[in-house]
Amino acid sequence: MEERLKDAEKIVKDMEKENELSRVGELIKDNRIIFDYKDKKYRVRLLNLKEKEELDQLRRKKFGQLMKDKDILLEKDLINQYKERGVNIEELDDQLKKLNAEELDFQIKLGESISKNEIESILKNYKEQIEDLRIKKQILNTQKNLLLEFSLENSLLNYVAQVITYLSLEEQKEDKWQRMFDSLDSFQTYEDEGLINIAGSYSMLLQYI
Amino acid sequence: MENIYSKIRNLAKSIKAQNLFVAAKEINGIRLFRNSFDFSKIQEIYLSYLYNYDSINRDIILEKISEHVFDSEIYEDSYILWKRKSNKKEKDNNQNDLKLVVGKKITFPTNKG
């Protein structure tokens, strides 16, 4: 009885794994992603040449606006301001570079050990060192990202992500795909944030990650 | 959308995906995606994982390494990284050897008589 239960658990696990793989398969089978939201079908797709030009125009316009805004600083100016207040981002960068170099060194050593079929304890030791370095890197990266969250460069990146979603989101109407929004303003003021967030995540998978 | 890289890796590592990848390389007409150009970022990443896992699988078949490499993504990445580095080193050495042959100074015997 216990064995049958174990078998059943294994079958369920295998099925879940298979389902998971099919879901990822759906995301990569084409350069567009179709998804359901509140009983309606939507899709995001790669931008065409005309849309890329529109994106470029909007990005340049936004860059000009951000440059004129005195409350928004370029990353390098923000770094200098932090420095005056005793927060040194360049030091964080140096630490990150050092950790990256250490990680690469351990990875090469681990790779070589694998190629020589060395014993598990050696491989495990390298693996743990790499994991440890990755945690340290993650902490530093989070610190740095939080400090630079409001830089001009970050604001521009967020804006570009929004524009890409606005340009690439389509809804299905009577078996035909139509652009969901005819203006950036209507996209930005759209009341259902849930749809915008899902579409945003999918469009990033297609164009960025 | 968490761990999307791990999910893409798992798909690329699967027997089905690897078989399809090998078949697509060998048989004209078998396609991995519906689109044959304008690949999305996620497709590009998936392709690079397909190549990496194909390379690992071939080394396992040739008994260069054991299947334990699949125990951890860190093992897989480290092995691929080391392999690339040692291949590059080998290639550079071969190029240097070639230069030695091409640039070799040949002295012809002079006829002093």
# chains A, B, ... in the order shown; residues from 1 in each chain; ligands from 1
>>> interface_residues(of="chain B", to="chain A", cutoff="9 Å", atoms="only C-alpha atoms", output="PyMOL selection string")
chain B and resi 1+4+7-8+10-11+14+32-35+37-43+46+64-66+68-69+72+74-83+85
>>> select_by_dssp(residues="chain B", states="helix (DSSP H, G or I)", output="JSON, numbers by chain")
{"B": [4, 5, 6, 7, 8, 9, 10, 11, 12, 13, 15, 16, 17, 18, 19, 20, 21, 22, 23, 24, 25, 26, 41, 42, 43, 44, 45, 46, 47, 48, 49, 50, 51, 52, 53, 54, 55, 56, 57, 58, 59, 60, 61, 67, 68, 69, 70, 71, 73, 74, 75, 76, 77, 78, 79, 80, 81, 82, 83, 84, 85, 86, 87, 88, 89, 90, 91, 92, 93, 94, 95, 96, 97, 98, 99, 100, 101, 102]}
>>> select_by_dssp(residues="segment 5-208 of chain A", states="strand (DSSP E)", output="JSON, numbers by chain")
{"A": [32, 33, 34, 35, 36, 37, 40, 41, 42, 43, 44, 45, 169, 170, 171, 172, 173, 176, 177, 178, 179]}
>>> residues_around(residues="Tyr37 of chain A", least_positions_apart="5", cutoff="10 Å", atoms="only C-alpha atoms", output="ChimeraX atom specification")
/A:42,194-195,198-199
>>> write_last_selection(atoms="N, CA and C atoms", output="compact mmCIF listing (two decimals), in the first residue's frame")
# COMPACT_ATOMS: atom_id res chain seq x y z
N TYR A 42 -5.46 37.85 -24.84
CA TYR A 42 -4.56 38.95 -25.15
C TYR A 42 -3.25 38.37 -25.68
N GLY A 194 -3.84 44.86 -13.09
CA GLY A 194 -3.52 43.44 -13.19
C GLY A 194 -3.13 43.05 -14.60
N LEU A 195 -3.92 43.49 -15.56
CA LEU A 195 -3.65 43.18 -16.96
C LEU A 195 -2.32 43.81 -17.40
N ILE A 198 0.67 41.82 -15.98
CA ILE A 198 0.92 40.54 -16.67
C ILE A 198 1.51 40.79 -18.05
N ALA A 199 0.89 41.73 -18.78
CA ALA A 199 1.38 42.03 -20.13
C ALA A 199 2.82 42.55 -20.06
>>> residues_around(residues="Leu157 of chain A", least_positions_apart="3", cutoff="12 Å", atoms="only C-alpha atoms", output="list in words")
Leu55, Arg59, Arg60, Lys62, Phe63, Leu66, Glu149, Phe150, Ser151, Leu152, Glu153, Asn154, Val160, Ala161, Gln162, Val163, Ile164, Met204 and Tyr208 of chain A
>>> write_last_selection(atoms="C-alpha atoms", output="PDB file, in the first residue's frame")
ATOM      1  CA  LEU A  55       9.704  53.689 -29.147  1.00  0.00           C
ATOM      2  CA  ARG A  59      12.507  57.509 -25.453  1.00  0.00           C
ATOM      3  CA  ARG A  60      14.434  60.502 -26.829  1.00  0.00           C
ATOM      4  CA  LYS A  62      11.436  61.426 -22.378  1.00  0.00           C
ATOM      5  CA  PHE A  63      15.216  61.684 -22.040  1.00  0.00           C
ATOM      6  CA  LEU A  66      14.177  64.069 -17.624  1.00  0.00           C
ATOM      7  CA  GLU A 149      16.481  53.531  -7.829  1.00  0.00           C
ATOM      8  CA  PHE A 150      15.602  57.145  -8.633  1.00  0.00           C
ATOM      9  CA  SER A 151      18.413  57.887 -11.088  1.00  0.00           C
ATOM     10  CA  LEU A 152      17.616  59.308 -14.510  1.00  0.00           C
ATOM     11  CA  GLU A 153      18.818  56.114 -16.168  1.00  0.00           C
ATOM     12  CA  ASN A 154      16.470  53.962 -14.081  1.00  0.00           C
ATOM     13  CA  VAL A 160      10.907  52.200 -21.933  1.00  0.00           C
ATOM     14  CA  ALA A 161       9.433  49.040 -20.364  1.00  0.00           C
ATOM     15  CA  GLN A 162       6.063  50.795 -20.166  1.00  0.00           C
ATOM     16  CA  VAL A 163       6.218  51.972 -23.790  1.00  0.00           C
ATOM     17  CA  ILE A 164       7.166  48.490 -25.029  1.00  0.00           C
ATOM     18  CA  MET A 204       9.843  41.809 -21.015  1.00  0.00           C
ATOM     19  CA  TYR A 208      14.477  42.202 -22.531  1.00  0.00           C
TER      20      TYR A 208
END
>>> residues_around(residues="Leu184 of chain A", least_positions_apart="3", cutoff="12 Å", atoms="only C-alpha atoms", output="PyMOL selection string")
chain A and resi 54-55+58+159-160+162-169+179-181+187-190
